[in-house]
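run-v8.txt (compact mmCIF, C-alpha atoms and all ligand atoms) appears below.
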# COMPACT_ATOMS: atom_id res chain seq x y z
CA ARG A 7 -34.03 -26.72 -41.94
CA ASP A 8 -33.83 -28.85 -38.82
CA GLU A 9 -30.15 -29.53 -39.46
CA PRO A 10 -27.95 -27.61 -37.00
CA LEU A 11 -26.49 -24.24 -38.01
CA VAL A 12 -22.92 -24.34 -36.71
CA LEU A 13 -20.25 -21.64 -36.70
CA GLY A 14 -16.65 -22.95 -36.58
CA ILE A 15 -13.53 -21.02 -35.55
CA GLU A 16 -9.99 -22.04 -36.51
CA THR A 17 -6.84 -20.27 -35.24
CA SER A 18 -4.29 -23.05 -34.67
CA CYS A 19 -1.63 -21.61 -36.96
CA ASP A 20 -1.58 -18.57 -39.26
CA GLU A 21 -5.10 -18.69 -40.70
CA THR A 22 -8.02 -17.02 -38.95
CA GLY A 23 -10.88 -19.14 -40.25
CA VAL A 24 -14.61 -18.76 -39.61
CA GLY A 25 -16.92 -21.20 -41.34
CA ILE A 26 -20.68 -21.66 -41.19
CA VAL A 27 -22.45 -24.90 -42.11
CA ARG A 28 -25.96 -26.24 -41.93
CA GLY A 29 -25.53 -29.97 -41.38
CA HIS A 30 -23.26 -31.04 -44.24
CA THR A 31 -23.94 -27.95 -46.33
CA LEU A 32 -21.26 -25.27 -46.51
CA LEU A 33 -22.73 -21.78 -46.24
CA ALA A 34 -19.61 -19.66 -45.67
CA ASP A 35 -15.87 -20.11 -45.34
CA ALA A 36 -14.10 -16.85 -44.48
CA VAL A 37 -10.33 -17.01 -44.05
CA ALA A 38 -7.89 -14.22 -43.19
CA SER A 39 -4.26 -15.29 -43.44
CA SER A 40 -1.19 -13.71 -41.88
CA VAL A 41 1.06 -15.83 -44.13
CA GLU A 42 2.57 -12.77 -45.84
CA GLU A 43 3.67 -11.34 -42.49
CA HIS A 44 5.61 -14.56 -41.83
CA ALA A 45 7.09 -14.97 -45.31
CA ARG A 46 10.16 -12.81 -44.64
CA PHE A 47 11.00 -14.99 -41.59
CA GLY A 48 10.71 -18.20 -43.65
CA GLY A 49 8.26 -19.73 -41.17
CA VAL A 50 5.32 -18.91 -38.93
CA VAL A 51 6.22 -16.59 -36.02
CA PRO A 52 3.85 -17.47 -33.13
CA GLU A 53 3.64 -13.97 -31.64
CA VAL A 54 2.88 -12.42 -35.02
CA ALA A 55 0.19 -15.06 -35.66
CA SER A 56 -1.55 -14.41 -32.31
CA ARG A 57 -1.73 -10.68 -32.88
CA ALA A 58 -3.03 -11.16 -36.42
CA HIS A 59 -5.79 -13.48 -35.12
CA LEU A 60 -6.87 -10.82 -32.60
CA GLU A 61 -7.14 -8.20 -35.32
CA ALA A 62 -8.88 -10.47 -37.86
CA MET A 63 -11.35 -12.31 -35.62
CA VAL A 64 -14.33 -9.94 -35.47
CA PRO A 65 -14.21 -8.87 -39.15
CA THR A 66 -13.87 -12.53 -40.23
CA ILE A 67 -16.90 -13.58 -38.13
CA GLN A 68 -18.83 -10.69 -39.69
CA ARG A 69 -17.77 -11.66 -43.21
CA ALA A 70 -18.82 -15.29 -42.68
CA CYS A 71 -22.26 -14.25 -41.38
CA ASP A 72 -22.75 -11.86 -44.32
CA THR A 73 -21.81 -14.55 -46.86
CA ALA A 74 -24.04 -17.15 -45.22
CA GLY A 75 -26.88 -14.64 -44.92
CA VAL A 76 -27.38 -15.46 -41.25
CA SER A 77 -27.13 -13.46 -38.06
CA LEU A 78 -25.23 -14.71 -35.02
CA THR A 79 -28.49 -15.23 -33.14
CA ASP A 80 -29.50 -17.90 -35.74
CA VAL A 81 -26.49 -20.08 -34.82
CA ASP A 82 -27.28 -23.30 -32.93
CA ALA A 83 -23.75 -24.14 -31.78
CA ILE A 84 -20.18 -22.83 -31.79
CA ALA A 85 -17.28 -25.16 -32.65
CA VAL A 86 -13.64 -24.22 -32.14
CA THR A 87 -10.23 -25.81 -32.66
CA HIS A 88 -8.76 -26.19 -29.18
CA GLY A 89 -5.63 -28.09 -30.27
CA PRO A 90 -3.13 -29.10 -31.43
CA GLY A 91 -1.42 -25.92 -32.63
CA LEU A 92 0.36 -22.77 -31.46
CA ALA A 93 -0.70 -22.06 -27.87
CA GLY A 94 -1.15 -18.31 -28.20
CA ALA A 95 -2.93 -18.63 -31.53
CA LEU A 96 -5.32 -21.29 -30.21
CA LEU A 97 -6.14 -19.10 -27.20
CA VAL A 98 -7.51 -16.33 -29.40
CA GLY A 99 -9.93 -18.72 -31.11
CA VAL A 100 -10.98 -20.48 -27.92
CA ALA A 101 -11.56 -17.18 -26.06
CA SER A 102 -13.59 -15.81 -28.98
CA ALA A 103 -15.69 -18.97 -29.19
CA LYS A 104 -16.38 -18.89 -25.45
CA ALA A 105 -17.46 -15.24 -25.65
CA LEU A 106 -19.87 -16.07 -28.49
CA ALA A 107 -21.26 -19.17 -26.77
CA LEU A 108 -21.77 -17.33 -23.51
CA SER A 109 -23.39 -14.25 -25.00
CA LEU A 110 -25.64 -16.24 -27.37
CA GLY A 111 -26.47 -18.90 -24.79
CA LYS A 112 -25.45 -21.68 -27.22
CA PRO A 113 -23.29 -24.77 -26.63
CA ILE A 114 -19.58 -24.82 -27.48
CA TYR A 115 -17.78 -27.84 -28.95
CA GLY A 116 -13.99 -28.04 -28.74
CA VAL A 117 -12.68 -29.98 -31.75
CA ASN A 118 -9.37 -31.56 -32.66
CA HIS A 119 -7.63 -29.83 -35.58
CA LEU A 120 -6.55 -33.13 -37.19
CA ALA A 121 -10.01 -34.67 -37.04
CA ALA A 122 -11.44 -31.44 -38.50
CA HIS A 123 -9.09 -31.77 -41.52
CA VAL A 124 -10.75 -35.16 -42.13
CA ALA A 125 -14.34 -34.11 -41.36
CA VAL A 126 -14.22 -31.28 -43.90
CA ASP A 127 -14.55 -33.80 -46.72
CA GLN A 128 -18.23 -34.36 -45.92
CA LEU A 129 -18.94 -30.79 -47.08
CA GLU A 130 -17.83 -31.84 -50.54
CA HIS A 131 -18.46 -35.58 -50.86
CA GLY A 132 -21.23 -36.27 -48.35
CA PRO A 133 -21.09 -38.41 -45.21
CA LEU A 134 -17.65 -39.77 -44.42
CA PRO A 135 -17.48 -43.54 -44.74
CA GLU A 136 -16.68 -45.11 -41.37
CA PRO A 137 -14.39 -46.92 -41.13
CA CYS A 138 -12.04 -45.02 -43.38
CA LEU A 139 -8.33 -44.47 -43.40
CA ALA A 140 -7.18 -40.85 -43.28
CA LEU A 141 -3.80 -39.63 -44.46
CA LEU A 142 -3.35 -36.27 -42.84
CA VAL A 143 -0.48 -34.23 -44.26
CA SER A 144 0.10 -30.60 -43.36
CA GLY A 145 2.80 -28.18 -42.28
CA GLY A 146 2.63 -29.49 -38.74
CA HIS A 147 1.49 -33.11 -39.10
CA SER A 148 1.85 -36.30 -41.11
CA SER A 149 -0.40 -38.98 -39.69
CA LEU A 150 -2.26 -42.09 -40.66
CA LEU A 151 -5.55 -42.31 -38.78
CA LYS A 152 -8.04 -45.14 -38.64
CA VAL A 153 -11.41 -43.43 -38.35
CA THR A 154 -14.39 -45.38 -37.02
CA ASP A 155 -16.11 -42.32 -35.50
CA ILE A 156 -14.87 -38.92 -36.63
CA THR A 157 -16.11 -37.25 -33.42
CA GLY A 158 -13.39 -39.22 -31.64
CA TYR A 159 -15.93 -40.91 -29.43
CA ASP A 160 -14.69 -44.15 -27.84
CA GLY A 161 -11.32 -44.12 -29.63
CA GLY A 162 -13.02 -43.38 -32.96
CA VAL A 163 -9.91 -41.67 -34.35
CA ASP A 164 -7.03 -44.08 -33.90
CA PRO A 165 -3.49 -42.98 -34.88
CA LEU A 166 -1.74 -45.86 -36.70
CA GLY A 167 1.39 -43.91 -37.50
CA ALA A 168 2.95 -40.46 -37.68
CA THR A 169 6.13 -38.70 -38.68
CA ILE A 170 9.09 -39.32 -36.41
CA ASP A 171 10.75 -36.03 -37.44
CA ASP A 172 9.59 -33.41 -39.97
CA ALA A 173 6.02 -33.13 -41.24
CA ALA A 174 5.50 -33.56 -44.99
CA GLY A 175 4.57 -29.89 -45.46
CA GLU A 176 7.59 -28.82 -43.43
CA ALA A 177 9.80 -30.84 -45.81
CA PHE A 178 8.17 -29.11 -48.80
CA ASP A 179 8.74 -25.71 -47.17
CA LYS A 180 12.39 -26.43 -46.28
CA VAL A 181 13.28 -27.83 -49.71
CA ALA A 182 11.55 -24.88 -51.38
CA ARG A 183 13.68 -22.51 -49.33
CA LEU A 184 16.79 -24.40 -50.42
CA LEU A 185 15.74 -23.95 -54.04
CA GLY A 186 15.09 -20.22 -53.54
CA LEU A 187 11.31 -20.52 -53.77
CA PRO A 188 9.02 -18.38 -51.55
CA PHE A 189 7.32 -19.50 -48.30
CA PRO A 190 5.14 -21.49 -47.96
CA GLY A 191 6.93 -23.62 -50.50
CA GLY A 192 4.50 -26.49 -51.13
CA PRO A 193 2.47 -24.84 -53.87
CA HIS A 194 5.66 -23.54 -55.53
CA ILE A 195 7.29 -26.98 -55.61
CA ASP A 196 4.05 -28.38 -57.01
CA ARG A 197 4.09 -25.77 -59.81
CA VAL A 198 7.81 -25.94 -60.62
CA ALA A 199 7.81 -29.77 -60.55
CA ARG A 200 5.44 -29.89 -63.53
CA GLU A 201 8.34 -28.79 -65.74
CA GLY A 202 10.73 -31.33 -64.20
CA ASP A 203 11.57 -35.03 -64.43
CA GLN A 204 10.49 -36.99 -61.34
CA VAL A 205 12.97 -39.80 -62.01
CA ALA A 206 15.93 -37.47 -62.66
CA ILE A 207 17.35 -37.94 -59.13
CA ASP A 208 16.79 -40.99 -56.94
CA PHE A 209 16.15 -39.42 -53.51
CA PRO A 210 15.72 -41.70 -50.45
CA ARG A 211 12.31 -43.02 -49.32
CA GLY A 212 12.33 -42.72 -45.51
CA LEU A 213 11.42 -45.72 -43.30
CA THR A 214 10.77 -48.11 -46.18
CA GLY A 215 13.69 -50.49 -45.67
CA ARG A 216 12.95 -54.00 -44.40
CA ARG A 217 14.26 -53.35 -40.88
CA ASP A 218 12.57 -49.93 -40.58
CA LEU A 219 9.28 -51.46 -41.63
CA GLU A 220 9.40 -53.86 -38.68
CA ARG A 221 9.22 -50.99 -36.19
CA HIS A 222 7.84 -48.13 -38.29
CA ARG A 223 5.52 -49.70 -40.83
CA PHE A 224 3.05 -46.77 -40.77
CA ASP A 225 5.42 -44.02 -39.64
CA PHE A 226 7.10 -41.40 -41.80
CA SER A 227 10.48 -39.68 -41.80
CA PHE A 228 11.32 -36.75 -44.06
CA SER A 229 14.38 -35.19 -42.47
CA GLY A 230 16.80 -37.60 -44.22
CA LEU A 231 15.21 -36.73 -47.55
CA LYS A 232 15.56 -33.01 -46.85
CA THR A 233 19.25 -33.51 -46.00
CA ALA A 234 19.78 -35.59 -49.15
CA VAL A 235 18.32 -32.79 -51.27
CA ALA A 236 20.52 -30.22 -49.50
CA ARG A 237 23.67 -32.34 -50.10
CA TRP A 238 22.76 -32.86 -53.75
CA VAL A 239 22.18 -29.15 -54.35
CA GLU A 240 25.42 -28.22 -52.52
CA ALA A 241 27.42 -30.67 -54.63
CA ARG A 242 25.92 -29.17 -57.77
CA GLU A 243 26.73 -25.63 -56.68
CA ARG A 244 30.32 -26.62 -55.81
CA SER A 245 30.78 -28.12 -59.27
CA GLY A 246 29.79 -24.75 -60.74
CA GLU A 247 26.96 -26.27 -62.77
CA PRO A 248 23.48 -24.74 -62.58
CA VAL A 249 20.98 -26.43 -60.23
CA PRO A 250 18.16 -28.03 -62.27
CA VAL A 251 15.44 -26.65 -59.98
CA ALA A 252 12.51 -28.30 -61.77
CA ASP A 253 14.15 -31.75 -61.71
CA VAL A 254 15.10 -31.45 -58.03
CA ALA A 255 11.56 -30.29 -57.16
CA ALA A 256 9.95 -33.10 -59.16
CA SER A 257 12.25 -35.80 -57.79
CA PHE A 258 11.83 -34.59 -54.21
CA GLN A 259 8.04 -34.39 -54.60
CA GLU A 260 7.99 -37.90 -56.04
CA ALA A 261 9.94 -39.27 -53.05
CA VAL A 262 7.46 -37.70 -50.59
CA CYS A 263 4.32 -38.71 -52.49
CA ASP A 264 5.59 -42.24 -53.16
CA VAL A 265 6.09 -42.93 -49.44
CA LEU A 266 2.84 -41.25 -48.37
CA VAL A 267 0.75 -43.21 -50.85
CA ARG A 268 2.59 -46.49 -50.32
CA LYS A 269 2.11 -46.42 -46.54
CA ALA A 270 -1.47 -45.16 -46.66
CA LEU A 271 -2.51 -47.95 -49.03
CA ASP A 272 -0.59 -50.53 -47.02
CA ALA A 273 -2.45 -49.40 -43.88
CA ALA A 274 -5.82 -49.45 -45.63
CA SER A 275 -5.20 -52.92 -47.06
CA SER A 276 -3.95 -54.36 -43.79
CA GLU A 277 -6.99 -52.95 -41.92
CA GLY A 278 -9.38 -54.12 -44.63
CA ILE A 279 -10.53 -50.54 -45.22
CA GLU A 280 -11.81 -49.56 -48.67
CA ASP A 281 -11.92 -45.78 -48.36
CA LEU A 282 -8.86 -43.52 -48.18
CA MET A 283 -9.33 -39.88 -47.27
CA ILE A 284 -6.46 -37.46 -47.78
CA GLY A 285 -6.52 -34.13 -45.93
CA GLY A 286 -4.35 -31.25 -44.72
CA GLY A 287 -2.51 -28.61 -46.73
CA VAL A 288 -0.26 -31.08 -48.58
CA ALA A 289 -3.37 -32.89 -49.89
CA ALA A 290 -3.62 -29.93 -52.26
CA ASN A 291 -0.54 -31.36 -54.04
CA SER A 292 -1.41 -32.39 -57.58
CA ARG A 293 1.10 -35.27 -57.77
CA LEU A 294 -0.07 -36.72 -54.44
CA ARG A 295 -3.65 -36.74 -55.70
CA ALA A 296 -2.75 -38.35 -59.03
CA LEU A 297 -0.50 -41.02 -57.52
CA ALA A 298 -3.07 -41.93 -54.85
CA GLU A 299 -5.85 -42.24 -57.44
CA GLU A 300 -3.70 -44.37 -59.72
CA ARG A 301 -2.44 -46.84 -57.12
CA ALA A 302 -5.68 -47.04 -55.11
CA ALA A 303 -7.63 -47.93 -58.23
CA GLN A 304 -5.42 -50.99 -58.69
CA LEU A 305 -6.38 -52.16 -55.19
CA GLY A 306 -10.08 -51.32 -55.45
CA ILE A 307 -9.71 -48.59 -52.82
CA ARG A 308 -11.74 -45.39 -53.21
CA VAL A 309 -9.98 -42.05 -52.65
CA ARG A 310 -11.61 -38.89 -51.31
CA VAL A 311 -9.71 -35.62 -51.36
CA PRO A 312 -11.45 -32.29 -50.69
CA ARG A 313 -10.82 -29.44 -53.12
CA PRO A 314 -7.57 -27.55 -52.36
CA GLY A 315 -9.34 -24.61 -50.67
CA LEU A 316 -10.81 -26.96 -48.07
CA CYS A 317 -7.50 -28.84 -47.53
CA THR A 318 -5.62 -25.89 -46.06
CA ASP A 319 -6.64 -24.54 -42.64
CA ASN A 320 -10.12 -23.03 -42.55
CA GLY A 321 -13.13 -22.55 -40.29
CA ALA A 322 -15.51 -24.68 -42.37
CA MET A 323 -13.69 -27.85 -41.35
CA VAL A 324 -14.22 -26.99 -37.70
CA ALA A 325 -17.89 -26.22 -38.29
CA ALA A 326 -18.25 -29.51 -40.23
CA LEU A 327 -16.93 -31.56 -37.32
CA GLY A 328 -19.00 -29.50 -34.86
CA ALA A 329 -22.15 -30.25 -36.86
CA THR A 330 -21.39 -33.98 -36.72
CA MET A 331 -20.94 -33.74 -32.94
CA VAL A 332 -24.33 -32.04 -32.63
CA GLU A 333 -25.99 -34.62 -34.91
CA ARG A 334 -24.51 -37.52 -32.92
CA GLY A 335 -25.55 -36.01 -29.59
CA ARG A 336 -22.04 -35.58 -28.26
CA THR A 337 -21.72 -33.70 -24.97
CA PRO A 338 -20.74 -30.04 -25.46
CA SER A 339 -17.49 -28.81 -23.90
CA PRO A 340 -17.51 -26.91 -20.60
CA LEU A 341 -17.11 -23.13 -20.79
CA ASP A 342 -13.67 -23.45 -19.23
CA LEU A 343 -12.51 -25.50 -22.26
CA PRO A 344 -8.72 -25.12 -22.35
CA ALA A 345 -6.53 -24.61 -25.42
CA ASP A 346 -4.12 -27.54 -25.63
CA SER A 347 -1.17 -27.05 -27.98
CA SER A 348 -0.32 -30.79 -27.98
CA LEU A 349 -3.86 -32.21 -27.92
CA PRO A 350 -3.71 -35.87 -29.02
CA VAL A 351 -6.23 -37.29 -31.50
O1 LIG B 401 -3.00 -27.69 -43.28
P1 LIG B 401 -2.18 -26.47 -43.54
O2 LIG B 401 -2.82 -25.31 -44.24
O3 LIG B 401 -1.61 -25.89 -42.20
C1 LIG B 401 -1.15 -26.71 -41.16
O4 LIG B 401 -1.99 -27.15 -40.34
O5 LIG B 401 0.08 -26.96 -41.18
O6 LIG B 401 -0.87 -26.96 -44.33
C2 LIG B 401 0.12 -26.04 -44.78
C3 LIG B 401 1.21 -26.82 -45.49
C4 LIG B 401 2.43 -26.00 -45.84
O7 LIG B 401 3.59 -26.70 -45.45
C5 LIG B 401 2.36 -25.87 -47.36
O8 LIG B 401 3.63 -25.76 -47.99
C6 LIG B 401 1.68 -27.18 -47.72
O9 LIG B 401 0.70 -27.37 -46.72
N1 LIG B 401 1.06 -27.14 -49.07
C7 LIG B 401 1.44 -27.92 -50.10
C8 LIG B 401 0.65 -27.55 -51.21
N2 LIG B 401 -0.22 -26.58 -50.80
C9 LIG B 401 0.04 -26.35 -49.48
N3 LIG B 401 2.41 -28.85 -50.17
C10 LIG B 401 2.58 -29.46 -51.37
N4 LIG B 401 1.87 -29.15 -52.48
C11 LIG B 401 0.90 -28.21 -52.45
N5 LIG B 401 0.20 -27.93 -53.57
ZN ZN B 402 -3.94 -27.81 -40.54
Have the structure of the file written as structure tokens, please.
Ligand code: KG4
Ligand code: ZN
Amino acid sequence: RDEPLVLGIETSCDETGVGIVRGHTLLADAVASSVEEHARFGGVVPEVASRAHLEAMVPTIQRACDTAGVSLTDVDAIAVTHGPGLAGALLVGVASAKALALSLGKPIYGVNHLAAHVAVDQLEHGPLPEPCLALLVSGGHSSLLKVTDITGYDGGVDPLGATIDDAAGEAFDKVARLLGLPFPGGPHIDRVAREGDQVAIDFPRGLTGRRDLERHRFDFSFSGLKTAVARWVEARERSGEPVPVADVAASFQEAVCDVLVRKALDAASSEGIEDLMIGGGVAANSRLRALAEERAAQLGIRVRVPRPGLCTDNGAMVAALGATMVERGRTPSPLDLPADSSLPV
């Protein structure tokens, strides 16, 4: 009972998330998504997301408290994503968190969205091993992080590499659109690919050539792959033959997962790290999980992936990182904590 009760707020993109944890125990994870309002635009519309956060915030806080069986006055600390993300969307979460902290007289902790995607794993698998290597793959990010202190203290979250163009999730969403699948496309590609042949088409693996590896050993590139898929599909359509959607989906997915796993394991090995954590929305991908497990086992590296519901954006991940900050005695943020759309890790 002496573990801190922390309420976390997440509004960096299109999910209004409010999570409540006690230490490493998840008590509630309420999420309201505006994804359906964006679907007809084929991507997240910032203005629409901000307005949806405003409307969903109070009911989502209420729902989280009801599920957890706590009242707001029981909360020991408020944690909030203050970046990176959509500026207007972040502002709604940060302003709400400040209002709660001020009215309850409790400290506020601004947390980094990427670090929170990693910290969430402790709600499922217990304390995060430090050091560990985190592969963070979402609609907005693809990063390899060396984590020695998840609170980010003293350079504790060190970016080893990142995408130089599209994020992995973005590539999934764009290729899905090309194949006529709904937005967001990741889960649809995952599903359709199960009926396809992953070696049917040999799509390019970005930044894996000898010369690229010299400068971009732990970086990713997915825009060339996306273009290659588009060209392949166009050629098929021109020839009048039907597009084998399942084979394209499976071969594309294999190209993404192959590079992600290859580089993550290379980074872990070269840093002498024995634990690989995979987080972010794309970590929900079934092929990515299977491939990582298979290849890591050969190297004696352990893999931790949270269940899919915790991989996509949610408030519990923010609360989880907030709780760790409280436990480690990190200094709370000032009440004028700014939202920072390009907050570095
Ligand atoms: O972490 P997240 O919920 O939001 C961001 O911070 O971006 O990630 C959303 C991304 C989307 O691009 C979505 O298509 C992708 O994660 N995604 C998947 C799967 N589930 C979600 N990609 C591949 N396979 C999946 N099963
Ligand atoms: Zn995210």
For Val311 in chain A, the nearest of the candidates A:Asp272, A:Asp281, A:Glu260, A:Asp171, counting all atoms listed in the file: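 Selected residue with least distance to Val311 in chain A: A:Asp281.
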Test item: residues no farther than 7 Å from ligand LIG 401 (chain B), counting only C-alpha atoms and all ligand atoms, as an NGL selection string: :A and (19 or 144-147 or 175-176 or 178-179 or 190-193 or 195-196 or 286-292 or 317-319)
Close residues, Ile207 in chain A itself excluded, 12 Å, all atoms listed in the file, min 3 positions apart in chain, as a PyMOL selection string: chain A and resi 202-204+210+231+234-235+238-239+250-261
Those selected residues, please, written with C-alpha atoms and delivered as an mmCIF file, in the frame of the given file.
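This is the output file selection-v3.cif:
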data_model
loop_
_atom_site.group_PDB
_atom_site.id
_atom_site.type_symbol
_atom_site.label_atom_id
_atom_site.label_comp_id
_atom_site.auth_asym_id
_atom_site.auth_seq_id
_atom_site.Cartn_x
_atom_site.Cartn_y
_atom_site.Cartn_z
ATOM 1 C CA GLY A 202 10.730 -31.330 -64.200
ATOM 2 C CA ASP A 203 11.570 -35.030 -64.430
ATOM 3 C CA GLN A 204 10.490 -36.990 -61.340
ATOM 4 C CA PRO A 210 15.720 -41.700 -50.450
ATOM 5 C CA LEU A 231 15.210 -36.730 -47.550
ATOM 6 C CA ALA A 234 19.780 -35.590 -49.150
ATOM 7 C CA VAL A 235 18.320 -32.790 -51.270
ATOM 8 C CA TRP A 238 22.760 -32.860 -53.750
ATOM 9 C CA VAL A 239 22.180 -29.150 -54.350
ATOM 10 C CA PRO A 250 18.160 -28.030 -62.270
ATOM 11 C CA VAL A 251 15.440 -26.650 -59.980
ATOM 12 C CA ALA A 252 12.510 -28.300 -61.770
ATOM 13 C CA ASP A 253 14.150 -31.750 -61.710
ATOM 14 C CA VAL A 254 15.100 -31.450 -58.030
ATOM 15 C CA ALA A 255 11.560 -30.290 -57.160
ATOM 16 C CA ALA A 256 9.950 -33.100 -59.160
ATOM 17 C CA SER A 257 12.250 -35.800 -57.790
ATOM 18 C CA PHE A 258 11.830 -34.590 -54.210
ATOM 19 C CA GLN A 259 8.040 -34.390 -54.600
ATOM 20 C CA GLU A 260 7.990 -37.900 -56.040
ATOM 21 C CA ALA A 261 9.940 -39.270 -53.050
#
Range 99-105 of chain A surroundings by all atoms listed in the file, 8 Å radius, close-in-sequence under 5 positions cut, as number ranges by chain: A: 15-18, 59, 63, 84-88, 114, 341, 343-345
Length of the CA of Gly230 in chain A to CA of Ala199 in chain A vector [Å]: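 Value for the CA of Gly230 in chain A-CA of Ala199 in chain A distance: 20.2 Å.
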Residue neighbourhood Gly75 in chain A, 9 Å, only C-alpha atoms, exclusion window fewer than 5 positions, as a ChimeraX atom specification: /A:33-34,70
Selected residue, from A:Gly186, A:Gly94, A:Gly89, A:Pro340, that lies nearest to ligand ZN 402 (chain B) when counting all atoms listed in the file: A:Gly89
Given all atoms listed in the file as the counted atoms, nearest of A:Glu21, A:Glu53, A:Asp82, A:Asp172 to Val41 in chain A: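 For Val41 in chain A, the nearest of the given residues is A:Glu21.
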Best match for closeness to ligand ZN 402 (chain B) among A:Glu333, A:Ser56, A:Gly321, A:Ala206, counting all atoms listed in the file: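 Among A:Glu333, A:Ser56, A:Gly321, A:Ala206, it is A:Gly321 that comes nearest to ligand ZN 402 (chain B).
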Computed interatomic separation between CA of Ala140 in chain A and CA of Ala270 in chain A (Å):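 Result for CA of Ala140 in chain A versus CA of Ala270 in chain A: 7.9 Å, one decimal.
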Interatomic distance, CA of Cys71 in chain A to CA of His123 in chain A (Å, one decimal):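 These two atoms are separated by 21.9 Å.
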Nearest-residue call for Ser347 in chain A, choices A:Gly167, A:Gly91, A:Gly161, A:Gly335, using all atoms listed in the file: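 The answer is A:Gly91, which sits nearest to Ser347 in chain A.
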Among listed residues A:Ala107, A:Ala303, A:Leu139, A:Val24, nearest Val124 in chain A (using only C-alpha atoms):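 Of A:Ala107, A:Ala303, A:Leu139, A:Val24, the one nearest Val124 in chain A is A:Leu139, counting only C-alpha atoms.
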Selection: 7 Å around Pro137 in chain A, only C-alpha atoms, excl. self and same-chain fewer than 4 positions, as number ranges by chain: A: 153-154, 279
Protein and nucleic acid residues near (-23.6, -31.4, -40.8) (cut-off 7 Å, all atoms listed in the file) as an MDAnalysis selection string: chainID A and resid 9:10 27:31 326 329:330
